[in-house]
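Raw contents of model_13.cif, mmCIF, C-alpha atoms and all ligand atoms:
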```cif
data_work
loop_
_atom_site.label_atom_id
_atom_site.label_comp_id
_atom_site.auth_asym_id
_atom_site.auth_seq_id
_atom_site.Cartn_x
_atom_site.Cartn_y
_atom_site.Cartn_z
CA MET E 1 0.00 0.00 0.00
CA THR E 2 1.33 3.41 -0.84
CA LYS E 3 1.58 5.87 1.95
CA PRO E 4 -0.51 9.00 1.52
CA ARG E 5 1.76 11.86 0.38
CA ARG E 6 2.57 14.24 3.18
CA THR E 7 1.50 17.70 2.22
CA ALA E 8 2.45 20.91 3.96
CA LYS E 9 0.10 21.94 6.73
CA PRO E 10 -2.50 24.22 5.19
CA THR E 11 -1.93 27.80 6.25
CA GLY E 12 -3.68 31.02 5.38
CA SER E 13 -3.16 32.88 2.18
CA ALA E 14 -2.72 36.40 0.93
CA ALA E 15 -5.71 35.63 -1.33
CA ASP E 16 -7.99 36.61 1.56
CA PHE E 17 -6.54 40.13 1.47
CA ILE E 18 -6.63 40.84 -2.28
CA PRO E 19 -9.05 43.72 -2.92
CA PRO E 20 -11.74 43.44 -5.60
CA ARG E 21 -10.82 44.95 -8.98
CA PRO E 22 -7.21 45.43 -7.92
CA THR E 23 -4.88 48.12 -9.15
CA LEU E 24 -1.23 48.33 -8.06
CA ALA E 25 -2.11 51.16 -5.67
CA LYS E 26 -5.01 49.19 -4.16
CA LEU E 27 -2.85 46.07 -3.83
CA ARG E 28 -0.03 47.98 -2.17
CA ALA E 29 -2.43 49.54 0.34
CA ALA E 30 -4.13 46.20 1.08
CA SER E 31 -0.81 44.35 1.43
CA LYS E 32 0.01 46.47 4.48
CA GLY E 33 -2.59 44.54 6.46
CA CYS E 34 -1.77 41.08 5.13
CA GLN E 35 -1.76 38.25 7.65
CA GLY E 36 -1.73 35.51 5.05
CA CYS E 37 1.06 33.69 6.87
CA ASP E 38 2.93 34.06 10.16
CA LEU E 39 5.67 36.23 8.65
CA PHE E 40 3.62 39.36 9.33
CA LYS E 41 4.68 38.84 12.96
CA VAL E 42 8.36 38.53 12.00
CA GLY E 43 9.01 41.35 9.56
CA THR E 44 8.60 45.03 10.44
CA GLN E 45 6.28 45.80 7.55
CA THR E 46 5.04 44.48 4.21
CA VAL E 47 7.48 45.40 1.46
CA PHE E 48 5.42 45.59 -1.71
CA GLY E 49 6.83 45.85 -5.25
CA GLU E 50 7.81 49.17 -6.76
CA GLY E 51 8.06 50.59 -10.24
CA PRO E 52 5.88 51.80 -13.07
CA SER E 53 2.89 49.70 -14.15
CA SER E 54 4.16 50.24 -17.72
CA ALA E 55 7.50 48.49 -16.95
CA HIS E 56 8.66 45.97 -19.55
CA VAL E 57 10.86 44.15 -17.06
CA MET E 58 9.77 42.68 -13.73
CA VAL E 59 12.46 41.53 -11.33
CA VAL E 60 11.43 39.08 -8.63
CA GLY E 61 13.70 38.59 -5.63
CA GLU E 62 13.24 36.32 -2.65
CA GLN E 63 12.09 38.52 0.21
CA PRO E 64 13.05 41.92 1.61
CA GLY E 65 16.42 42.00 3.36
CA ASP E 66 17.35 43.82 6.56
CA MET E 67 17.53 47.26 4.93
CA GLU E 68 14.40 46.75 2.84
CA ASP E 69 12.51 45.67 5.96
CA ARG E 70 13.41 48.95 7.66
CA ALA E 71 12.86 51.14 4.60
CA GLY E 72 9.67 49.43 3.42
CA LYS E 73 11.05 49.40 -0.14
CA PRO E 74 12.46 46.51 -2.19
CA PHE E 75 16.12 46.33 -3.27
CA VAL E 76 17.42 49.43 -1.51
CA GLY E 77 20.39 47.57 0.07
CA PRO E 78 23.60 46.03 -1.32
CA SER E 79 21.78 43.52 -3.58
CA GLY E 80 19.82 46.39 -5.11
CA LYS E 81 23.02 48.31 -5.82
CA LEU E 82 24.49 45.33 -7.67
CA LEU E 83 21.24 44.90 -9.55
CA ASP E 84 21.31 48.56 -10.63
CA ARG E 85 24.85 48.11 -11.96
CA ALA E 86 23.80 44.99 -13.86
CA PHE E 87 20.90 46.83 -15.53
CA ASP E 88 23.20 49.68 -16.38
CA GLY E 89 25.65 47.27 -18.00
CA ALA E 90 22.82 45.61 -19.93
CA GLY E 91 21.42 48.87 -21.29
CA ILE E 92 18.15 48.38 -19.43
CA ASP E 93 16.63 51.62 -18.20
CA ARG E 94 16.01 51.32 -14.45
CA ASP E 95 12.79 53.30 -14.96
CA ASP E 96 11.52 50.45 -17.15
CA VAL E 97 11.89 47.92 -14.32
CA TYR E 98 9.35 46.90 -11.68
CA VAL E 99 11.05 45.25 -8.69
CA THR E 100 9.31 42.95 -6.25
CA ASN E 101 9.77 39.80 -4.18
CA ALA E 102 8.25 36.33 -3.97
CA VAL E 103 7.63 36.87 -0.24
CA LYS E 104 6.79 40.30 1.10
CA HIS E 105 7.87 40.10 4.73
CA PHE E 106 11.46 39.74 5.97
CA LYS E 107 12.02 36.35 7.62
CA TRP E 108 14.88 36.45 10.08
CA ALA E 109 16.24 35.07 13.33
CA LYS E 110 18.32 36.71 16.03
CA ASP E 111 22.03 36.04 15.77
CA ALA E 112 23.27 34.41 18.99
CA ARG E 113 26.50 36.41 19.04
CA SER E 114 25.50 39.85 17.82
CA ALA E 115 22.59 42.20 17.35
CA ARG E 116 22.41 41.21 13.70
CA ARG E 117 19.23 39.81 12.21
CA ILE E 118 20.04 36.68 10.26
CA HIS E 119 18.15 36.11 7.02
CA LYS E 120 16.12 32.90 6.89
CA THR E 121 14.90 31.38 3.65
CA PRO E 122 11.11 31.36 3.34
CA ASN E 123 9.56 27.90 3.19
CA ALA E 124 7.24 26.49 0.51
CA GLY E 125 4.12 27.27 2.56
CA GLU E 126 5.13 30.92 2.97
CA ILE E 127 5.96 31.27 -0.72
CA ARG E 128 2.59 29.77 -1.60
CA ALA E 129 0.72 31.95 0.90
CA CYS E 130 2.30 35.12 -0.49
CA PHE E 131 1.94 34.20 -4.16
CA PRO E 132 -1.41 35.98 -4.78
CA TRP E 133 0.33 39.36 -4.37
CA LEU E 134 2.95 38.48 -6.97
CA ARG E 135 0.42 36.89 -9.28
CA ASN E 136 -1.65 40.07 -9.27
CA GLU E 137 1.40 42.29 -9.75
CA ILE E 138 2.26 40.26 -12.86
CA ALA E 139 -1.32 40.44 -14.13
CA LEU E 140 -1.38 44.22 -13.77
CA VAL E 141 2.12 45.08 -15.03
CA GLN E 142 2.13 42.44 -17.81
CA PRO E 143 5.89 42.62 -18.20
CA GLN E 144 7.55 41.55 -21.41
CA VAL E 145 10.27 39.82 -19.39
CA ILE E 146 10.30 38.49 -15.83
CA VAL E 147 13.69 37.97 -14.17
CA CYS E 148 13.77 35.56 -11.23
CA LEU E 149 16.66 36.23 -8.86
CA GLY E 150 17.61 33.01 -7.09
CA ALA E 151 15.91 29.73 -6.33
CA THR E 152 13.02 31.07 -4.25
CA ALA E 153 11.73 33.35 -7.02
CA ALA E 154 12.36 30.69 -9.67
CA LYS E 155 10.50 28.05 -7.68
CA ALA E 156 7.61 30.44 -7.06
CA LEU E 157 7.19 31.18 -10.76
CA LEU E 158 8.63 28.21 -12.63
CA GLY E 159 7.82 25.34 -10.30
CA ARG E 160 9.51 23.45 -7.52
CA THR E 161 11.79 21.38 -9.73
CA PHE E 162 13.23 24.29 -11.71
CA SER E 163 17.03 24.52 -11.49
CA VAL E 164 18.57 28.00 -11.72
CA MET E 165 22.03 26.50 -12.20
CA LYS E 166 20.95 24.46 -15.22
CA SER E 167 18.81 27.11 -16.88
CA ARG E 168 20.25 30.48 -15.92
CA GLY E 169 20.40 33.28 -18.47
CA ILE E 170 18.12 31.70 -21.06
CA PRO E 171 14.55 32.73 -21.90
CA ILE E 172 11.98 30.25 -20.63
CA GLU E 173 8.50 30.03 -22.06
CA SER E 174 5.77 30.67 -19.57
CA GLU E 175 2.15 31.68 -19.34
CA LEU E 176 3.25 34.52 -17.09
CA ALA E 177 5.16 36.55 -19.66
CA PRO E 178 6.62 36.16 -23.17
CA ALA E 179 9.94 35.30 -21.52
CA VAL E 180 11.01 34.39 -18.01
CA PHE E 181 14.71 34.43 -17.16
CA ALA E 182 16.31 33.06 -14.02
CA THR E 183 19.67 33.85 -12.54
CA VAL E 184 21.32 33.66 -9.14
CA HIS E 185 20.40 36.05 -6.37
CA PRO E 186 22.73 39.08 -6.24
CA SER E 187 23.30 38.37 -2.52
CA SER E 188 24.95 35.07 -3.50
CA VAL E 189 27.37 37.06 -5.66
CA LEU E 190 28.10 39.42 -2.76
CA ARG E 191 28.65 36.47 -0.41
CA ALA E 192 30.82 34.45 -2.80
CA PRO E 193 34.25 33.47 -1.40
CA PRO E 194 36.96 35.96 -2.47
CA ASP E 195 38.47 33.63 -5.08
CA GLN E 196 35.07 33.18 -6.78
CA ARG E 197 33.64 36.64 -6.36
CA VAL E 198 34.84 38.16 -9.67
CA ARG E 199 33.64 35.18 -11.68
CA ALA E 200 30.27 35.09 -9.89
CA GLU E 201 29.71 38.77 -10.62
CA LYS E 202 30.73 38.38 -14.28
CA MET E 203 28.27 35.51 -14.72
CA PHE E 204 25.48 37.47 -13.06
CA MET E 205 26.19 40.49 -15.27
CA ALA E 206 26.20 38.23 -18.35
CA ASP E 207 22.79 36.79 -17.40
CA ILE E 208 21.31 40.28 -17.11
CA ARG E 209 22.95 41.29 -20.41
CA ALA E 210 21.13 38.33 -22.01
CA VAL E 211 17.88 39.88 -20.74
CA GLY E 212 18.89 43.20 -22.34
CA ARG E 213 19.65 41.51 -25.66
CA HIS E 214 16.37 39.65 -25.56
CA MET E 215 14.50 42.92 -25.00
CA ALA E 216 16.35 44.62 -27.84
CA ASN E 217 15.56 41.74 -30.23
CA ALA E 218 11.93 41.19 -29.30
CA SER E 219 9.77 42.53 -32.11
CA PRO E 220 7.42 45.32 -31.05
CA ARG E 221 4.56 43.50 -32.81
CA LYS E 222 5.04 40.42 -30.65
CA GLN E 223 5.08 42.55 -27.54
CA THR E 224 1.76 44.14 -28.47
CA THR E 225 0.18 40.76 -29.15
CA HIS E 226 1.17 39.45 -25.76
CA ARG E 227 0.28 42.59 -23.87
CA ALA E 228 -3.12 42.53 -25.54
CA ARG E 229 -3.68 38.97 -24.31
CA LYS E 230 -4.71 40.13 -20.91
CA LEU E 231 -3.65 38.03 -17.98
CA THR E 232 -6.64 38.53 -15.74
CA PRO E 233 -6.05 39.74 -12.20
CA TRP E 234 -6.23 36.73 -10.09
CA SER E 235 -7.01 36.02 -6.50
CA THR E 236 -7.22 32.33 -5.77
CA THR E 237 -4.74 30.38 -3.69
CA ALA E 238 -3.60 28.23 -6.63
CA HIS E 239 0.14 28.22 -7.06
CA PRO E 240 2.37 26.76 -9.77
CA SER E 241 4.92 25.12 -7.49
CA GLY E 242 3.76 21.89 -6.01
CA THR E 243 1.09 21.51 -8.63
CA SER E 244 1.62 22.20 -12.31
CA SER E 245 1.40 25.42 -14.23
CA ALA E 246 -2.10 24.25 -15.16
CA SER E 247 -3.37 26.21 -12.18
CA ILE E 248 -2.20 29.36 -13.88
CA ARG E 249 -3.33 28.32 -17.33
CA SER E 250 -6.84 27.57 -16.15
CA SER E 251 -7.09 30.82 -14.24
CA ARG E 252 -6.60 32.92 -17.34
CA GLY E 253 -9.58 34.68 -18.81
N1 LIG D 1 16.95 40.64 -1.58
C1 LIG D 1 15.76 40.34 -2.13
O1 LIG D 1 15.51 39.23 -2.57
N2 LIG D 1 14.86 41.30 -2.19
C2 LIG D 1 15.08 42.53 -1.77
O2 LIG D 1 14.17 43.34 -1.86
C3 LIG D 1 16.33 42.81 -1.20
C4 LIG D 1 17.27 41.84 -1.11
FE1 LIG D 2 1.12 38.19 3.80
FE2 LIG D 2 3.20 37.54 2.31
FE3 LIG D 2 3.57 38.84 4.58
FE4 LIG D 2 2.85 36.30 4.64
S1 LIG D 2 4.78 37.13 3.84
S2 LIG D 2 1.96 37.95 5.86
S3 LIG D 2 1.47 36.19 2.86
S4 LIG D 2 2.51 39.62 2.78
#
```

Could you rewrite the structure in this file as structure tokens?
Amino acid sequence: MTKPRRTAKPTGSAADFIPPRPTLAKLRAASKGCQGCDLFKVGTQTVFGEGPSSAHVMVVGEQPGDMEDRAGKPFVGPSGKLLDRAFDGAGIDRDDVYVTNAVKHFKWAKDARSARRIHKTPNAGEIRACFPWLRNEIALVQPQVIVCLGATAAKALLGRTFSVMKSRGIPIESELAPAVFATVHPSSVLRAPPDQRVRAEKMFMADIRAVGRHMANASPRKQTTHRARKLTPWSTTAHPSGTSSASIRSSRG
């Protein structure tokens, strides 16, 4: 007899906090009161995405870091600085980029030896609970390209089995956008051991340059076609990781 598959304990979901007929402004305001998972007790505040709704590029990180948690804005710390340099090097206008995270509260634990707050990776249940915010950001911005930074973002958008290391820097077909790219998280570049740091940064820069080239080569006609195929704002708890992307496909209008 096969054992029943153990599934994660059901938790709440951000879906319960998504306003009707959402706009980015309405979502941002509503996200402040989100209690979709226990991380609202851990982080200082919800850190919602930022950038123009007309952005062609959406960058998805893992979760706010220490500085973002204090500032209430995504990518204002060291990772954000590296990201800005990468976009500069790729010829991507920072004003054409919407930045957000897979999880919108900072998950951390107290360091035993100092006053530092140690980053903790969000678990699958937290990523799933927070997904409705991201799903609605994507539906409203309708980016031409989504860039997943690191495994958490890639798993949230491309499924649990997706490997960043195997598929970094190449456009991946998805229902979410005409192209989804994945690369490592900039914090992994910043944390790389000294003898690997230069190489790690070069590879990260090259991945973002591939995004820039893709944008430059994408025909404007194709962009219009996709942007016209409206991804409907979405507010169920369905999530691509753990199931299949069918949950997304079937939720499209
Ligand atoms: N790292 C992330 O993944 N997101 C941020 O907003 C900042 C650092
Ligand atoms: Fe809500 Fe996401 Fe924060 Fe959890 S992490 S409380 S789902 S905003």

Notebook entry, point to check: Neighbours of range 105-117 of chain E within 8 Å (all atoms listed in the file; same-chain residues fewer than 6 positions away dropped), as number ranges by chain?
Noted result: E: 39-40, 42-47, 63-66, 69

Item checked: Length of the CA of His119 in chain E to CA of Ala90 in chain E vector [Å] -> 29.0 Å

Counting only C-alpha atoms and all ligand atoms, what are the residues of chain E within 7 Å of ligand LIG 2 (chain D), and for each of them which pair of atoms is the nearest and at what distance in Å, to one decimal? Sort the table by chain and rising number, as a tab-separated table.
```
residue	atom	partner	partner_atom	distance
E:Ser13	CA	D:LIG2	S3	5.7
E:Ala14	CA	D:LIG2	S3	4.6
E:Ser31	CA	D:LIG2	S4	5.9
E:Cys34	CA	D:LIG2	FE1	4.3
E:Gln35	CA	D:LIG2	S2	4.1
E:Gly36	CA	D:LIG2	S3	3.9
E:Cys37	CA	D:LIG2	FE4	3.9
E:Asp38	CA	D:LIG2	S2	5.9
E:Leu39	CA	D:LIG2	FE4	4.9
E:Phe40	CA	D:LIG2	S2	4.1
E:Thr46	CA	D:LIG2	S4	5.7
E:Val103	CA	D:LIG2	S1	5.0
E:Lys104	CA	D:LIG2	S1	4.6
E:His105	CA	D:LIG2	S1	4.4
E:Glu126	CA	D:LIG2	FE4	6.1
E:Ala129	CA	D:LIG2	S3	4.7
E:Cys130	CA	D:LIG2	S3	3.6
```

Item checked: Close residues to ligand LIG 1 (chain D) using all atoms listed in the file, limit 8 Å, as a list of chain:residue names ->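 Selection of residues at most 8 Å from ligand LIG 1 (chain D): E:Val47, E:Val60, E:Gly61, E:Glu62, E:Gln63, E:Pro64, E:Gly65, E:Asp66, E:Met67, E:Glu68, E:Lys73, E:Pro74, E:Phe75, E:Val76, E:Gly77, E:Pro78, E:Ser79, E:Gly80, E:Val99, E:Thr100, E:Asn101, E:Ala102, E:Leu149, E:Gly150, E:His185, E:Pro186, E:Ser187.
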
Next item on the list: Record the distance separating CA of Ile92 in chain E and CA of Ile172 in chain E, expressed in Å with one decimal.
Entry: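 Answer for the CA of Ile92 in chain E to CA of Ile172 in chain E separation: 19.2 Å.
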
Checklist line | Interatomic distance, CA of Pro178 in chain E to CA of Ile208 in chain E (Å, one decimal) | finding: 16.4 Å

Notebook entry, point to check: From the set E:Ala29, E:Leu82, E:Ile118, E:Val141, which residue has the shortest atom-to-atom contact distance to Asp96 in chain E, counting all atoms listed in the file?
Noted result: E:Val141

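Of the residues listed (E:Ile138, E:Ala71, E:Leu157, E:Met58), E:Ile138 shows the shortest atom-to-atom separation from Pro22 in chain E; distances use all atoms listed in the file.
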
Next item on the list: Select, from E:Arg70, E:Asp88, E:Ala151, E:Ala210, the residue with the minimum atom-to-atom distance to Val184 in chain E, counting all atoms listed in the file.
Entry: E:Ala151

Checklist line | Closest of E:Phe131, E:Ala86, E:Asp93, E:Lys120 to Asp16 in chain E - atom-to-atom distances counting all atoms listed in the file | finding: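 Distance minimum relative to Asp16 in chain E lands on E:Phe131.
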
Given only C-alpha atoms, how would the per-residue table for range 83-190 of chain E near range 211-217 of chain E read, listing every residue at most 8 Å away with its closest atom pair and distance in Å to one decimal, sorted by chain and number, as CSV?
```
residue,atom,partner,partner_atom,distance
E:Phe87,CA,E:Gly212,CA,8.0
E:Ala90,CA,E:Gly212,CA,5.2
E:Gly91,CA,E:Gly212,CA,6.3
E:Ile92,CA,E:Gly212,CA,6.0
E:Gln144,CA,E:Met215,CA,7.9
E:Val145,CA,E:Met215,CA,7.7
E:Gly169,CA,E:Val211,CA,7.4
E:Pro171,CA,E:Val211,CA,8.0
E:Phe181,CA,E:Val211,CA,7.3
```

Next item on the list: Could you give me, as a ChimeraX atom specification, the residues within 8 Å of Ala154 in chain E, counting only C-alpha atoms and dropping anything in the same chain fewer than 4 positions from it?
Entry: /E:148-150,158-159,162-164,182

Notebook entry, point to check: Using only C-alpha atoms, which residue out of E:Gly72, E:Gly89, E:Pro52, E:Gly33 lies closest to Met205 in chain E?
Noted result: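 Using only C-alpha atoms, Met205 in chain E sits closest to E:Gly89.
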